[in-house]
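These notes are about the structure you will find just below.
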Amino acid sequence: DGGITQSPKYLFRKEGQNVTLSCEQNLNHDAMYWYRQDPGQGLRLIYYSQIVNDFQKGDIAEGYSVSREKKESFPLTVTSAQKNPTAFYLCASTLIGAQDYGYTFGSGTRLTVV
Amino acid sequence: KQEVTQIPAALSVPEGENLVLNCSFTDSAIYNLQWFRQDPGKGLTSLLLIQSSQREQTSGRLNASLDKSSGRSTLYIAASQPGDSATYLCAVMGARGSARQLTFGSGTQLTVLP
């Protein structure tokens with residue numbers, strides 16, 4: 001079955017440590033996105049990529065970095081510069097050029113600072 | 001900048017009741033509007049997608065409407081069941097620029113009492 005796989009499901013980070021969240025899709029989608037969700041709030045866009053080797057900052061990119069070396073993969077690194085990284089992180093993808101096409105989401109990674 | 005508002009923030013109804021969730025957005029330049037369901041600690045599941053040229057979409061007991069000119073959408077759930085308990089998120093895909101970004105509301109937390 002096609003879909004988006006996020007791993008790990010739970011992740012614990014120590015102060016000053018960088019961690020990487022994985023996102024892989026086998027839907028042959030062009031664009032991929034990373035969102036952050038905090039309790040009681042809507043999703044906020046961190047980074048997105050429409051083609052391989054290109055990505056753009058979203059609304060809250062500070063303290064995060066991404067790469068897009070392969071079409072199916074879009075890992076997110078939470079760096080030590082991100083002061084409040086505890087949140088639920090969601091990866092999504094969609095087709096470019098199809099206005100009637102929506103987003104598909106992964107099952108999320110919950111990151112906790114310990 | 002697009003803003004999406006969902007009312008009410010929380011709703012509790014007895015089983016069997018019909019209910020309406022509301023979503024409003026400030027910029028009518030959209031490609032589509034998507035309704036999602038999110039269970040606690042899980043990713044987002046797409047329920048319905050309405051293209052900007054459409055007025056409504058139906059799937060089983062769910063019906064979503066779109067009035068683009070007034071910036072409003074409603075999600076109608078017929079004969080609610082305890083299994084419908086979840087958070088419902090509305091998201092619009094902006095038509096300004098090429099990023100195909102979704103802007104989310106903060107969600108309506110629905111509880112259906114047996």
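As shown in the structure tokens, the chain order sets the letters A, B, ...; within each chain, residues go from 1, and ligands are also counted from 1 in the order they appear.
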Would you mind listing, as a compact mmCIF listing (two decimals) with N, CA and C atoms, in the first residue's frame, all residues of chain B that have at least one atom within 10 Å of chain A, where only C-alpha atoms are what counts?
# COMPACT_ATOMS: atom_id res chain seq x y z
N VAL B 4 -7.38 30.84 9.02
CA VAL B 4 -8.49 29.89 9.05
C VAL B 4 -8.98 29.76 10.48
N THR B 5 -10.30 29.88 10.65
CA THR B 5 -10.90 29.84 11.99
C THR B 5 -11.94 28.75 12.03
N ALA B 9 -14.62 25.42 19.23
CA ALA B 9 -13.36 24.75 19.53
C ALA B 9 -13.61 23.35 20.07
N ILE B 30 -8.26 30.27 -3.35
CA ILE B 30 -7.85 28.93 -2.90
C ILE B 30 -8.00 27.95 -4.05
N TYR B 31 -7.21 26.87 -4.00
CA TYR B 31 -7.38 25.76 -4.93
C TYR B 31 -8.44 24.78 -4.43
N ASN B 32 -8.35 24.49 -3.15
CA ASN B 32 -9.29 23.54 -2.57
C ASN B 32 -9.33 23.69 -1.06
N LEU B 33 -10.28 23.01 -0.45
CA LEU B 33 -10.42 22.98 0.99
C LEU B 33 -10.54 21.52 1.39
N GLN B 34 -9.84 21.15 2.44
CA GLN B 34 -9.80 19.76 2.86
C GLN B 34 -10.20 19.65 4.33
N TRP B 35 -11.03 18.69 4.64
CA TRP B 35 -11.38 18.37 6.02
C TRP B 35 -10.64 17.10 6.42
N PHE B 36 -10.03 17.17 7.62
CA PHE B 36 -9.28 16.05 8.16
C PHE B 36 -9.85 15.65 9.51
N GLN B 38 -8.43 13.84 13.15
CA GLN B 38 -7.23 13.46 13.89
C GLN B 38 -7.64 12.83 15.21
N GLY B 41 -2.97 11.59 19.40
CA GLY B 41 -1.64 11.03 19.18
C GLY B 41 -1.41 10.45 17.81
N LYS B 42 -2.32 10.69 16.89
CA LYS B 42 -2.22 10.11 15.55
C LYS B 42 -2.03 11.18 14.48
N GLY B 43 -1.76 10.73 13.26
CA GLY B 43 -1.67 11.64 12.14
C GLY B 43 -3.04 12.07 11.66
N LEU B 44 -3.06 12.78 10.54
CA LEU B 44 -4.31 13.30 9.98
C LEU B 44 -4.84 12.36 8.91
N THR B 45 -6.14 12.11 8.96
CA THR B 45 -6.81 11.31 7.94
C THR B 45 -7.72 12.22 7.13
N SER B 46 -7.55 12.21 5.81
CA SER B 46 -8.37 13.06 4.96
C SER B 46 -9.80 12.51 4.88
N LEU B 48 -12.66 14.68 3.37
CA LEU B 48 -13.27 15.21 2.15
C LEU B 48 -12.40 16.32 1.61
N LEU B 49 -12.37 16.43 0.29
CA LEU B 49 -11.69 17.53 -0.38
C LEU B 49 -12.67 18.17 -1.34
N ILE B 50 -12.80 19.49 -1.24
CA ILE B 50 -13.69 20.23 -2.13
C ILE B 50 -12.83 21.15 -2.98
N GLN B 51 -12.93 21.00 -4.29
CA GLN B 51 -12.22 21.91 -5.19
C GLN B 51 -12.88 23.29 -5.15
N SER B 52 -12.14 24.31 -5.53
CA SER B 52 -12.65 25.68 -5.46
C SER B 52 -13.87 25.88 -6.35
N SER B 53 -14.02 25.07 -7.39
CA SER B 53 -15.16 25.21 -8.30
C SER B 53 -16.39 24.43 -7.84
N LEU B 89 -10.16 18.95 11.60
CA LEU B 89 -9.37 20.09 11.14
C LEU B 89 -9.78 20.47 9.73
N CYS B 90 -9.88 21.75 9.51
CA CYS B 90 -10.17 22.32 8.20
C CYS B 90 -8.87 22.94 7.68
N ALA B 91 -8.59 22.77 6.39
CA ALA B 91 -7.37 23.35 5.82
C ALA B 91 -7.66 23.83 4.41
N VAL B 92 -7.13 25.00 4.05
CA VAL B 92 -7.31 25.53 2.71
C VAL B 92 -5.96 25.56 1.99
N MET B 93 -5.98 25.25 0.70
CA MET B 93 -4.77 25.31 -0.12
C MET B 93 -4.81 26.62 -0.90
N ALA B 95 -4.06 29.66 -3.44
CA ALA B 95 -3.77 29.73 -4.88
C ALA B 95 -2.79 30.84 -5.23
N SER B 98 3.16 29.25 -5.94
CA SER B 98 3.16 27.89 -6.46
C SER B 98 3.41 26.84 -5.40
N ALA B 99 3.42 27.24 -4.14
CA ALA B 99 3.86 26.31 -3.11
C ALA B 99 2.83 25.28 -2.72
N ARG B 100 1.56 25.49 -3.08
CA ARG B 100 0.48 24.58 -2.70
C ARG B 100 0.48 24.31 -1.20
N GLN B 101 0.65 25.38 -0.43
CA GLN B 101 0.66 25.24 1.02
C GLN B 101 -0.75 25.15 1.57
N LEU B 102 -0.88 24.36 2.63
CA LEU B 102 -2.13 24.30 3.37
C LEU B 102 -2.04 25.21 4.59
N THR B 103 -3.12 25.94 4.85
CA THR B 103 -3.24 26.69 6.09
C THR B 103 -4.36 26.05 6.90
N PHE B 104 -4.05 25.73 8.15
CA PHE B 104 -4.97 24.98 9.00
C PHE B 104 -5.69 25.86 10.01
N GLY B 105 -6.91 25.46 10.35
CA GLY B 105 -7.57 25.98 11.52
C GLY B 105 -7.08 25.23 12.74
N SER B 106 -7.52 25.68 13.92
CA SER B 106 -7.08 25.05 15.18
C SER B 106 -7.88 23.80 15.53
N GLY B 107 -8.94 23.56 14.79
CA GLY B 107 -9.68 22.31 14.98
C GLY B 107 -10.89 22.44 15.89
N THR B 108 -11.81 21.49 15.72
CA THR B 108 -12.96 21.32 16.63
C THR B 108 -12.85 19.94 17.25
N GLN B 109 -12.80 19.91 18.57
CA GLN B 109 -12.72 18.62 19.28
C GLN B 109 -14.14 18.13 19.54
What's the 8 Å shell around B:Asp39, counting only C-alpha atoms, without same-chain residues fewer than 5 positions away, as a list of chain:residue names?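 Selected residues are B:Leu44, B:Ser85, B:Ala86, B:Thr87.
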Would you save the residues from that selection as a PDB file, in the first residue's frame, using C-alpha atoms?
ATOM      1  CA  LEU B  44      -4.309  13.298   9.979  1.00  0.00           C
ATOM      2  CA  SER B  85     -15.168  11.365  18.523  1.00  0.00           C
ATOM      3  CA  ALA B  86     -11.967  13.063  17.330  1.00  0.00           C
ATOM      4  CA  THR B  87     -10.572  16.455  16.399  1.00  0.00           C
TER       5      THR B  87
END
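Minimum distance to A:Thr20 across A:Asn53, A:Thr77, A:Thr86, A:Thr5 (counting only C-alpha atoms) occurs at A:Thr77.
For A:Leu27, the set of protein, DNA and RNA residues having any atom at most 9 Å away, when counting only C-alpha atoms and skipping those fewer than 6 positions along the same chain, is Gly2, Gly3, Ile4, Glu72, Ser93 and Thr94 of chain A.
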Which residue of B:Ser70, B:Thr111, B:Ser80, B:Gln54 approaches B:Leu19 most closely, using only C-alpha atoms: B:Ser80
Backbone-only DSSP, strand (DSSP E) members of stretch 50-102 of chain B, as a list in words: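 Answer for stretch 50-102 of chain B restricted to strand (DSSP E) is Ile50, Gln51, Glu56, Gln57, Thr58, Ser59, Leu62, Asn63, Ala64, Ser65, Leu66, Asp67, Arg72, Ser73, Thr74, Leu75, Tyr76, Ile77, Ala86, Thr87, Tyr88, Leu89, Cys90, Ala91, Val92, Met93, Gly94 and Leu102 of chain B.
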Compare B:Leu11, B:Ala29, B:Tyr76, B:Asn18 by their minimum atom-to-atom distance to B:Ala64, counting only C-alpha atoms, and give me the closest one.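 Closest to B:Ala64 of all the choices is B:Tyr76.
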